[in-house]
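Novice: Just passing along the structure, written as structure tokens.
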Amino acid sequence: MTPAQLEKELNKALDNFREEMIFLIDTHDEKYLTNYDLENIARQVFYTLDDFIKIIVKYTKTSR
């Protein structure tokens, strides 16, 4: 994996996060956030960071 490919993969993970957040915001009909809403946000942040870890580890293994 090249640095350009790494950047592309990280951007893809970030775009997925953005799309999920837009969906959550668009489907939210309450004025205030609930515990459920915060759990959804936290879950999406976790998934994105987990994707970042996997992509970076893959990069480090293939760039040697």
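Ordering of the structure tokens sets the chain letters (A, B, ...); residue numbers start at 1 within each chain; ligands are numbered from 1 in the order shown.
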Report the residues of chain A whose backbone DSSP state falls under alpha helix (DSSP H), written as a tab-separated table (two decimals) with all heavy atoms, in the first residue's frame.

Specialist:
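Below is the file that was written, states_37.tsv:
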```
chain	number	residue	atom	x	y	z
A	3	PRO	N	1.48	5.52	0.28
A	3	PRO	CA	0.90	6.59	1.10
A	3	PRO	C	-0.39	7.15	0.49
A	3	PRO	O	-1.33	7.47	1.22
A	3	PRO	CB	2.01	7.64	1.14
A	3	PRO	CG	3.27	6.85	1.02
A	3	PRO	CD	2.92	5.74	0.06
A	4	ALA	N	-0.46	7.23	-0.83
A	4	ALA	CA	-1.67	7.73	-1.48
A	4	ALA	C	-2.84	6.78	-1.26
A	4	ALA	O	-3.98	7.22	-1.02
A	4	ALA	CB	-1.43	7.93	-2.98
A	5	GLN	N	-2.57	5.48	-1.30
A	5	GLN	CA	-3.62	4.49	-1.04
A	5	GLN	C	-4.07	4.55	0.41
A	5	GLN	O	-5.26	4.41	0.71
A	5	GLN	CB	-3.13	3.08	-1.39
A	5	GLN	CG	-2.96	2.85	-2.87
A	5	GLN	CD	-2.25	1.53	-3.15
A	5	GLN	OE1	-1.29	1.17	-2.45
A	5	GLN	NE2	-2.70	0.83	-4.18
A	6	LEU	N	-3.11	4.76	1.31
A	6	LEU	CA	-3.45	4.91	2.73
A	6	LEU	C	-4.39	6.09	2.91
A	6	LEU	O	-5.43	5.97	3.57
A	6	LEU	CB	-2.18	5.12	3.56
A	6	LEU	CG	-2.39	5.49	5.03
A	6	LEU	CD1	-3.09	4.38	5.78
A	6	LEU	CD2	-1.05	5.83	5.67
A	7	GLU	N	-4.03	7.21	2.33
A	7	GLU	CA	-4.88	8.40	2.44
A	7	GLU	C	-6.27	8.14	1.87
A	7	GLU	O	-7.28	8.54	2.46
A	7	GLU	CB	-4.22	9.58	1.73
A	7	GLU	CG	-5.00	10.86	1.87
A	7	GLU	CD	-4.32	12.06	1.23
A	7	GLU	OE1	-3.28	11.87	0.54
A	7	GLU	OE2	-4.82	13.17	1.40
A	8	LYS	N	-6.33	7.46	0.74
A	8	LYS	CA	-7.62	7.15	0.11
A	8	LYS	C	-8.48	6.28	1.02
A	8	LYS	O	-9.68	6.54	1.20
A	8	LYS	CB	-7.38	6.45	-1.22
A	8	LYS	CG	-8.64	6.10	-1.96
A	8	LYS	CD	-8.33	5.41	-3.29
A	8	LYS	CE	-9.61	5.01	-4.00
A	8	LYS	NZ	-9.35	4.29	-5.24
A	9	GLU	N	-7.88	5.26	1.63
A	9	GLU	CA	-8.62	4.37	2.52
A	9	GLU	C	-9.09	5.10	3.78
A	9	GLU	O	-10.21	4.89	4.24
A	9	GLU	CB	-7.76	3.16	2.89
A	9	GLU	CG	-7.53	2.21	1.75
A	9	GLU	CD	-8.81	1.57	1.24
A	9	GLU	OE1	-9.64	1.13	2.05
A	9	GLU	OE2	-8.98	1.51	0.00
A	10	LEU	N	-8.24	5.94	4.35
A	10	LEU	CA	-8.64	6.71	5.53
A	10	LEU	C	-9.76	7.68	5.19
A	10	LEU	O	-10.70	7.86	5.97
A	10	LEU	CB	-7.44	7.44	6.13
A	10	LEU	CG	-6.37	6.55	6.77
A	10	LEU	CD1	-5.15	7.38	7.15
A	10	LEU	CD2	-6.92	5.80	7.95
A	11	ASN	N	-9.67	8.32	4.04
A	11	ASN	CA	-10.74	9.23	3.60
A	11	ASN	C	-12.05	8.48	3.39
A	11	ASN	O	-13.13	9.01	3.69
A	11	ASN	CB	-10.33	9.98	2.34
A	11	ASN	CG	-9.41	11.13	2.63
A	11	ASN	OD1	-9.50	11.76	3.67
A	11	ASN	ND2	-8.51	11.41	1.71
A	12	LYS	N	-11.96	7.25	2.89
A	12	LYS	CA	-13.17	6.44	2.69
A	12	LYS	C	-13.83	6.14	4.03
A	12	LYS	O	-15.05	6.25	4.17
A	12	LYS	CB	-12.80	5.16	1.96
A	12	LYS	CG	-13.99	4.36	1.48
A	12	LYS	CD	-13.55	3.32	0.45
A	12	LYS	CE	-13.33	2.00	1.13
A	12	LYS	NZ	-13.06	0.90	0.19
A	13	ALA	N	-13.02	5.79	5.03
A	13	ALA	CA	-13.56	5.53	6.37
A	13	ALA	C	-14.19	6.79	6.95
A	13	ALA	O	-15.27	6.74	7.57
A	13	ALA	CB	-12.47	5.01	7.29
A	14	LEU	N	-13.55	7.92	6.73
A	14	LEU	CA	-14.09	9.19	7.22
A	14	LEU	C	-15.38	9.55	6.51
A	14	LEU	O	-16.34	10.03	7.12
A	14	LEU	CB	-13.04	10.29	7.04
A	14	LEU	CG	-13.22	11.56	7.84
A	14	LEU	CD1	-13.33	11.28	9.32
A	14	LEU	CD2	-12.08	12.51	7.55
A	15	ASP	N	-15.47	9.30	5.22
A	15	ASP	CA	-16.70	9.55	4.47
A	15	ASP	C	-17.84	8.67	4.97
A	15	ASP	O	-18.98	9.13	5.07
A	15	ASP	CB	-16.49	9.32	2.97
A	15	ASP	CG	-15.72	10.44	2.30
A	15	ASP	OD1	-15.64	11.55	2.87
A	15	ASP	OD2	-15.19	10.21	1.19
A	16	ASN	N	-17.53	7.42	5.29
A	16	ASN	CA	-18.56	6.53	5.86
A	16	ASN	C	-19.09	7.10	7.17
A	16	ASN	O	-20.30	7.08	7.42
A	16	ASN	CB	-18.00	5.12	6.08
A	16	ASN	CG	-17.79	4.37	4.79
A	16	ASN	OD1	-18.37	4.69	3.75
A	16	ASN	ND2	-16.95	3.36	4.84
A	17	PHE	N	-18.17	7.60	8.00
A	17	PHE	CA	-18.59	8.21	9.27
A	17	PHE	C	-19.48	9.42	9.01
A	17	PHE	O	-20.54	9.57	9.63
A	17	PHE	CB	-17.35	8.65	10.07
A	17	PHE	CG	-17.68	9.40	11.31
A	17	PHE	CD1	-18.16	8.74	12.44
A	17	PHE	CD2	-17.54	10.77	11.36
A	17	PHE	CE1	-18.47	9.44	13.59
A	17	PHE	CE2	-17.85	11.48	12.51
A	17	PHE	CZ	-18.31	10.82	13.63
A	18	ARG	N	-19.08	10.26	8.08
A	18	ARG	CA	-19.87	11.45	7.75
A	18	ARG	C	-21.27	11.07	7.29
A	18	ARG	O	-22.27	11.65	7.73
A	18	ARG	CB	-19.16	12.27	6.66
A	18	ARG	CG	-19.89	13.56	6.28
A	18	ARG	CD	-19.20	14.29	5.14
A	18	ARG	NE	-18.99	13.46	3.97
A	18	ARG	CZ	-19.93	13.20	3.06
A	18	ARG	NH1	-21.14	13.70	3.18
A	18	ARG	NH2	-19.65	12.43	2.02
A	19	GLU	N	-21.37	10.08	6.43
A	19	GLU	CA	-22.67	9.63	5.94
A	19	GLU	C	-23.55	9.09	7.06
A	19	GLU	O	-24.75	9.37	7.10
A	19	GLU	CB	-22.49	8.58	4.85
A	19	GLU	CG	-21.94	9.16	3.56
A	19	GLU	CD	-21.61	8.10	2.53
A	19	GLU	OE1	-22.03	6.93	2.70
A	19	GLU	OE2	-20.93	8.43	1.54
A	20	GLU	N	-22.95	8.33	7.97
A	20	GLU	CA	-23.72	7.82	9.10
A	20	GLU	C	-24.21	8.95	10.00
A	20	GLU	O	-25.33	8.93	10.48
A	20	GLU	CB	-22.88	6.82	9.91
A	20	GLU	CG	-22.67	5.50	9.23
A	20	GLU	CD	-23.96	4.71	9.03
A	20	GLU	OE1	-24.87	4.79	9.88
A	20	GLU	OE2	-24.05	4.02	8.00
A	21	MET	N	-23.36	9.93	10.24
A	21	MET	CA	-23.76	11.06	11.08
A	21	MET	C	-24.87	11.87	10.41
A	21	MET	O	-25.82	12.29	11.08
A	21	MET	CB	-22.55	11.97	11.38
A	21	MET	CG	-21.54	11.38	12.33
A	21	MET	SD	-22.18	11.12	14.02
A	21	MET	CE	-22.64	9.42	13.96
A	22	ILE	N	-24.76	12.08	9.13
A	22	ILE	CA	-25.82	12.80	8.40
A	22	ILE	C	-27.14	12.05	8.52
A	22	ILE	O	-28.19	12.65	8.78
A	22	ILE	CB	-25.43	13.03	6.93
A	22	ILE	CG1	-24.32	14.07	6.85
A	22	ILE	CG2	-26.63	13.46	6.10
A	22	ILE	CD1	-23.69	14.22	5.47
A	23	PHE	N	-27.09	10.72	8.37
A	23	PHE	CA	-28.30	9.92	8.51
A	23	PHE	C	-28.89	10.06	9.91
A	23	PHE	O	-30.10	10.26	10.07
A	23	PHE	CB	-28.01	8.45	8.21
A	23	PHE	CG	-29.17	7.55	8.51
A	23	PHE	CD1	-30.24	7.48	7.63
A	23	PHE	CD2	-29.21	6.80	9.67
A	23	PHE	CE1	-31.33	6.67	7.90
A	23	PHE	CE2	-30.29	5.98	9.95
A	23	PHE	CZ	-31.35	5.91	9.07
A	24	LEU	N	-28.04	9.97	10.93
A	24	LEU	CA	-28.54	10.09	12.30
A	24	LEU	C	-29.15	11.46	12.55
A	24	LEU	O	-30.20	11.57	13.21
A	24	LEU	CB	-27.42	9.81	13.31
A	24	LEU	CG	-26.94	8.37	13.41
A	24	LEU	CD1	-25.73	8.28	14.33
A	24	LEU	CD2	-28.04	7.45	13.88
A	25	ILE	N	-28.54	12.49	12.03
A	25	ILE	CA	-29.06	13.85	12.21
A	25	ILE	C	-30.38	14.02	11.46
A	25	ILE	O	-31.35	14.56	12.00
A	25	ILE	CB	-28.03	14.90	11.74
A	25	ILE	CG1	-26.84	14.91	12.70
A	25	ILE	CG2	-28.66	16.28	11.64
A	25	ILE	CD1	-25.63	15.67	12.19
A	26	ASP	N	-30.43	13.54	10.23
A	26	ASP	CA	-31.64	13.68	9.41
A	26	ASP	C	-32.83	12.91	9.97
A	26	ASP	O	-33.98	13.29	9.76
A	26	ASP	CB	-31.38	13.24	7.97
A	26	ASP	CG	-30.51	14.22	7.20
A	26	ASP	OD1	-30.30	15.36	7.69
A	26	ASP	OD2	-30.03	13.84	6.11
A	35	ASN	N	-29.82	9.40	25.64
A	35	ASN	CA	-28.75	8.42	25.83
A	35	ASN	C	-28.59	7.55	24.60
A	35	ASN	O	-27.47	7.20	24.21
A	35	ASN	CB	-29.02	7.56	27.06
A	35	ASN	CG	-28.71	8.29	28.34
A	35	ASN	OD1	-28.07	9.32	28.34
A	35	ASN	ND2	-29.19	7.75	29.45
A	36	TYR	N	-29.70	7.17	24.00
A	36	TYR	CA	-29.67	6.35	22.79
A	36	TYR	C	-28.92	7.08	21.66
A	36	TYR	O	-28.10	6.48	20.96
A	36	TYR	CB	-31.10	6.02	22.35
A	36	TYR	CG	-31.17	5.23	21.07
A	36	TYR	CD1	-30.88	3.88	21.05
A	36	TYR	CD2	-31.54	5.86	19.88
A	36	TYR	CE1	-30.93	3.15	19.87
A	36	TYR	CE2	-31.59	5.14	18.69
A	36	TYR	CZ	-31.30	3.79	18.69
A	36	TYR	OH	-31.36	3.09	17.53
A	37	ASP	N	-29.18	8.36	21.50
A	37	ASP	CA	-28.50	9.15	20.47
A	37	ASP	C	-26.99	9.19	20.73
A	37	ASP	O	-26.19	9.03	19.81
A	37	ASP	CB	-29.04	10.59	20.44
A	37	ASP	CG	-30.51	10.65	20.11
A	37	ASP	OD1	-30.98	9.84	19.30
A	37	ASP	OD2	-31.19	11.51	20.69
A	38	LEU	N	-26.62	9.43	21.97
A	38	LEU	CA	-25.20	9.47	22.33
A	38	LEU	C	-24.53	8.12	22.11
A	38	LEU	O	-23.39	8.06	21.66
A	38	LEU	CB	-25.03	9.94	23.77
A	38	LEU	CG	-25.44	11.39	24.03
A	38	LEU	CD1	-25.37	11.70	25.52
A	38	LEU	CD2	-24.57	12.35	23.24
A	39	GLU	N	-25.25	7.05	22.41
A	39	GLU	CA	-24.71	5.71	22.17
A	39	GLU	C	-24.47	5.49	20.67
A	39	GLU	O	-23.47	4.89	20.28
A	39	GLU	CB	-25.64	4.64	22.72
A	39	GLU	CG	-25.64	4.57	24.23
A	39	GLU	CD	-26.73	3.65	24.78
A	39	GLU	OE1	-27.48	3.03	23.99
A	39	GLU	OE2	-26.83	3.55	26.01
A	40	ASN	N	-25.38	5.95	19.84
A	40	ASN	CA	-25.21	5.82	18.39
A	40	ASN	C	-24.00	6.60	17.90
A	40	ASN	O	-23.23	6.12	17.07
A	40	ASN	CB	-26.46	6.30	17.65
A	40	ASN	CG	-27.51	5.22	17.53
A	40	ASN	OD1	-27.19	4.04	17.52
A	40	ASN	ND2	-28.75	5.63	17.45
A	41	ILE	N	-23.83	7.81	18.41
A	41	ILE	CA	-22.68	8.62	18.02
A	41	ILE	C	-21.39	7.94	18.47
A	41	ILE	O	-20.44	7.81	17.70
A	41	ILE	CB	-22.79	10.04	18.61
A	41	ILE	CG1	-23.95	10.79	17.94
A	41	ILE	CG2	-21.49	10.81	18.42
A	41	ILE	CD1	-24.34	12.07	18.64
A	42	ALA	N	-21.37	7.48	19.71
A	42	ALA	CA	-20.18	6.80	20.24
A	42	ALA	C	-19.87	5.55	19.42
A	42	ALA	O	-18.70	5.27	19.12
A	42	ALA	CB	-20.38	6.44	21.70
A	43	ARG	N	-20.89	4.81	19.03
A	43	ARG	CA	-20.69	3.59	18.24
A	43	ARG	C	-20.07	3.93	16.89
A	43	ARG	O	-19.14	3.27	16.43
A	43	ARG	CB	-22.03	2.88	18.04
A	43	ARG	CG	-21.93	1.53	17.38
A	43	ARG	CD	-23.27	0.80	17.28
A	43	ARG	NE	-23.96	0.72	18.55
A	43	ARG	CZ	-25.07	1.39	18.88
A	43	ARG	NH1	-25.63	2.21	18.01
A	43	ARG	NH2	-25.63	1.25	20.06
A	44	GLN	N	-20.55	4.98	16.25
A	44	GLN	CA	-20.01	5.38	14.95
A	44	GLN	C	-18.57	5.86	15.07
A	44	GLN	O	-17.74	5.58	14.20
A	44	GLN	CB	-20.90	6.44	14.30
A	44	GLN	CG	-22.26	5.94	13.90
A	44	GLN	CD	-22.20	4.71	13.00
A	44	GLN	OE1	-21.35	4.61	12.13
A	44	GLN	NE2	-23.09	3.78	13.22
A	45	VAL	N	-18.26	6.59	16.13
A	45	VAL	CA	-16.87	7.03	16.36
A	45	VAL	C	-15.98	5.80	16.56
A	45	VAL	O	-14.88	5.71	15.98
A	45	VAL	CB	-16.77	7.98	17.58
A	45	VAL	CG1	-15.33	8.22	17.97
A	45	VAL	CG2	-17.48	9.30	17.27
A	46	PHE	N	-16.45	4.83	17.34
A	46	PHE	CA	-15.68	3.60	17.55
A	46	PHE	C	-15.43	2.87	16.24
A	46	PHE	O	-14.31	2.45	15.96
A	46	PHE	CB	-16.40	2.68	18.53
A	46	PHE	CG	-15.73	1.35	18.68
A	46	PHE	CD1	-14.64	1.20	19.51
A	46	PHE	CD2	-16.18	0.26	17.96
A	46	PHE	CE1	-14.01	-0.03	19.63
A	46	PHE	CE2	-15.55	-0.97	18.07
A	46	PHE	CZ	-14.46	-1.11	18.91
A	47	TYR	N	-16.47	2.70	15.43
A	47	TYR	CA	-16.31	2.01	14.15
A	47	TYR	C	-15.29	2.73	13.26
A	47	TYR	O	-14.47	2.08	12.61
A	47	TYR	CB	-17.64	1.94	13.39
A	47	TYR	CG	-18.69	1.05	14.02
A	47	TYR	CD1	-20.04	1.27	13.77
A	47	TYR	CD2	-18.36	-0.01	14.86
A	47	TYR	CE1	-21.02	0.47	14.32
A	47	TYR	CE2	-19.34	-0.81	15.43
A	47	TYR	CZ	-20.67	-0.57	15.15
A	47	TYR	OH	-21.63	-1.36	15.70
A	48	THR	N	-15.34	4.04	13.24
A	48	THR	CA	-14.41	4.80	12.41
A	48	THR	C	-12.98	4.65	12.90
A	48	THR	O	-12.06	4.41	12.12
A	48	THR	CB	-14.81	6.29	12.37
A	48	THR	OG1	-16.15	6.38	11.85
A	48	THR	CG2	-13.88	7.09	11.48
A	49	LEU	N	-12.78	4.77	14.20
A	49	LEU	CA	-11.44	4.60	14.75
A	49	LEU	C	-10.93	3.18	14.55
A	49	LEU	O	-9.75	2.98	14.24
A	49	LEU	CB	-11.42	4.97	16.24
A	49	LEU	CG	-11.65	6.45	16.54
A	49	LEU	CD1	-11.74	6.67	18.05
A	49	LEU	CD2	-10.56	7.31	15.94
A	50	ASP	N	-11.81	2.21	14.67
A	50	ASP	CA	-11.43	0.82	14.42
A	50	ASP	C	-11.01	0.64	12.96
A	50	ASP	O	-10.01	-0.03	12.67
A	50	ASP	CB	-12.60	-0.11	14.76
A	50	ASP	CG	-12.22	-1.57	14.67
A	50	ASP	OD1	-11.23	-1.98	15.31
A	50	ASP	OD2	-12.93	-2.31	13.95
A	51	ASP	N	-11.75	1.24	12.04
A	51	ASP	CA	-11.36	1.19	10.63
A	51	ASP	C	-10.00	1.84	10.42
A	51	ASP	O	-9.16	1.32	9.68
A	51	ASP	CB	-12.40	1.90	9.74
A	51	ASP	CG	-13.67	1.10	9.57
A	51	ASP	OD1	-13.69	-0.11	9.89
A	51	ASP	OD2	-14.67	1.69	9.10
A	52	PHE	N	-9.77	2.99	11.05
A	52	PHE	CA	-8.48	3.67	10.93
A	52	PHE	C	-7.35	2.76	11.40
A	52	PHE	O	-6.31	2.66	10.76
A	52	PHE	CB	-8.48	4.97	11.74
A	52	PHE	CG	-8.97	6.17	11.00
A	52	PHE	CD1	-10.03	6.11	10.12
A	52	PHE	CD2	-8.38	7.40	11.19
A	52	PHE	CE1	-10.49	7.22	9.44
A	52	PHE	CE2	-8.82	8.53	10.52
A	52	PHE	CZ	-9.88	8.43	9.64
A	53	ILE	N	-7.54	2.10	12.55
A	53	ILE	CA	-6.51	1.20	13.06
A	53	ILE	C	-6.21	0.09	12.06
A	53	ILE	O	-5.04	-0.18	11.76
A	53	ILE	CB	-6.94	0.59	14.41
A	53	ILE	CG1	-6.94	1.67	15.50
A	53	ILE	CG2	-6.05	-0.58	14.82
A	53	ILE	CD1	-7.62	1.24	16.78
A	54	LYS	N	-7.24	-0.54	11.55
A	54	LYS	CA	-7.06	-1.64	10.59
A	54	LYS	C	-6.32	-1.16	9.34
A	54	LYS	O	-5.43	-1.84	8.84
A	54	LYS	CB	-8.40	-2.24	10.21
A	54	LYS	CG	-9.03	-3.02	11.33
A	54	LYS	CD	-10.42	-3.49	10.95
A	54	LYS	CE	-11.10	-4.18	12.13
A	54	LYS	NZ	-12.50	-4.49	11.86
A	55	ILE	N	-6.70	0.00	8.84
A	55	ILE	CA	-6.07	0.54	7.63
A	55	ILE	C	-4.60	0.88	7.88
A	55	ILE	O	-3.73	0.55	7.07
A	55	ILE	CB	-6.85	1.78	7.13
A	55	ILE	CG1	-8.24	1.37	6.63
A	55	ILE	CG2	-6.08	2.51	6.04
A	55	ILE	CD1	-9.21	2.53	6.48
A	56	ILE	N	-4.31	1.50	9.01
A	56	ILE	CA	-2.93	1.88	9.32
A	56	ILE	C	-2.07	0.65	9.56
A	56	ILE	O	-0.92	0.58	9.10
A	56	ILE	CB	-2.89	2.85	10.51
A	56	ILE	CG1	-3.51	4.19	10.09
A	56	ILE	CG2	-1.47	3.05	11.02
A	56	ILE	CD1	-3.80	5.14	11.25
A	57	VAL	N	-2.60	-0.35	10.26
A	57	VAL	CA	-1.85	-1.59	10.48
A	57	VAL	C	-1.56	-2.27	9.15
A	57	VAL	O	-0.44	-2.72	8.90
A	57	VAL	CB	-2.60	-2.53	11.45
A	57	VAL	CG1	-2.01	-3.92	11.45
A	57	VAL	CG2	-2.60	-1.93	12.86
A	58	LYS	N	-2.56	-2.31	8.29
A	58	LYS	CA	-2.36	-2.91	6.96
A	58	LYS	C	-1.26	-2.15	6.21
A	58	LYS	O	-0.39	-2.75	5.56
A	58	LYS	CB	-3.67	-2.88	6.18
A	58	LYS	CG	-3.57	-3.49	4.81
A	58	LYS	CD	-4.90	-3.42	4.09
A	58	LYS	CE	-4.81	-3.91	2.67
A	58	LYS	NZ	-6.08	-3.79	1.96
A	59	TYR	N	-1.27	-0.82	6.30
A	59	TYR	CA	-0.27	0.00	5.63
A	59	TYR	C	1.13	-0.32	6.15
A	59	TYR	O	2.07	-0.49	5.38
A	59	TYR	CB	-0.58	1.47	5.81
A	59	TYR	CG	0.51	2.39	5.32
A	59	TYR	CD1	0.70	2.59	3.96
A	59	TYR	CD2	1.38	3.02	6.20
A	59	TYR	CE1	1.71	3.41	3.49
A	59	TYR	CE2	2.38	3.84	5.76
A	59	TYR	CZ	2.54	4.04	4.40
A	59	TYR	OH	3.55	4.85	3.95
A	60	THR	N	1.27	-0.39	7.47
A	60	THR	CA	2.59	-0.62	8.05
A	60	THR	C	3.12	-2.01	7.69
A	60	THR	O	4.32	-2.19	7.53
A	60	THR	CB	2.60	-0.43	9.58
A	60	THR	OG1	1.68	-1.34	10.18
A	60	THR	CG2	2.26	0.99	9.95
A	61	LYS	N	2.23	-2.97	7.55
A	61	LYS	CA	2.66	-4.33	7.20
A	61	LYS	C	3.09	-4.42	5.74
A	61	LYS	O	3.99	-5.19	5.41
A	61	LYS	CB	1.54	-5.33	7.47
A	61	LYS	CG	1.33	-5.61	8.94
A	61	LYS	CD	0.23	-6.62	9.15
A	61	LYS	CE	0.05	-6.94	10.61
A	61	LYS	NZ	-1.01	-7.92	10.83
A	62	THR	N	2.45	-3.64	4.87
A	62	THR	CA	2.75	-3.73	3.45
A	62	THR	C	3.82	-2.74	2.99
A	62	THR	O	4.32	-2.86	1.87
A	62	THR	CB	1.49	-3.53	2.58
A	62	THR	OG1	0.96	-2.23	2.85
A	62	THR	CG2	0.46	-4.59	2.88
```
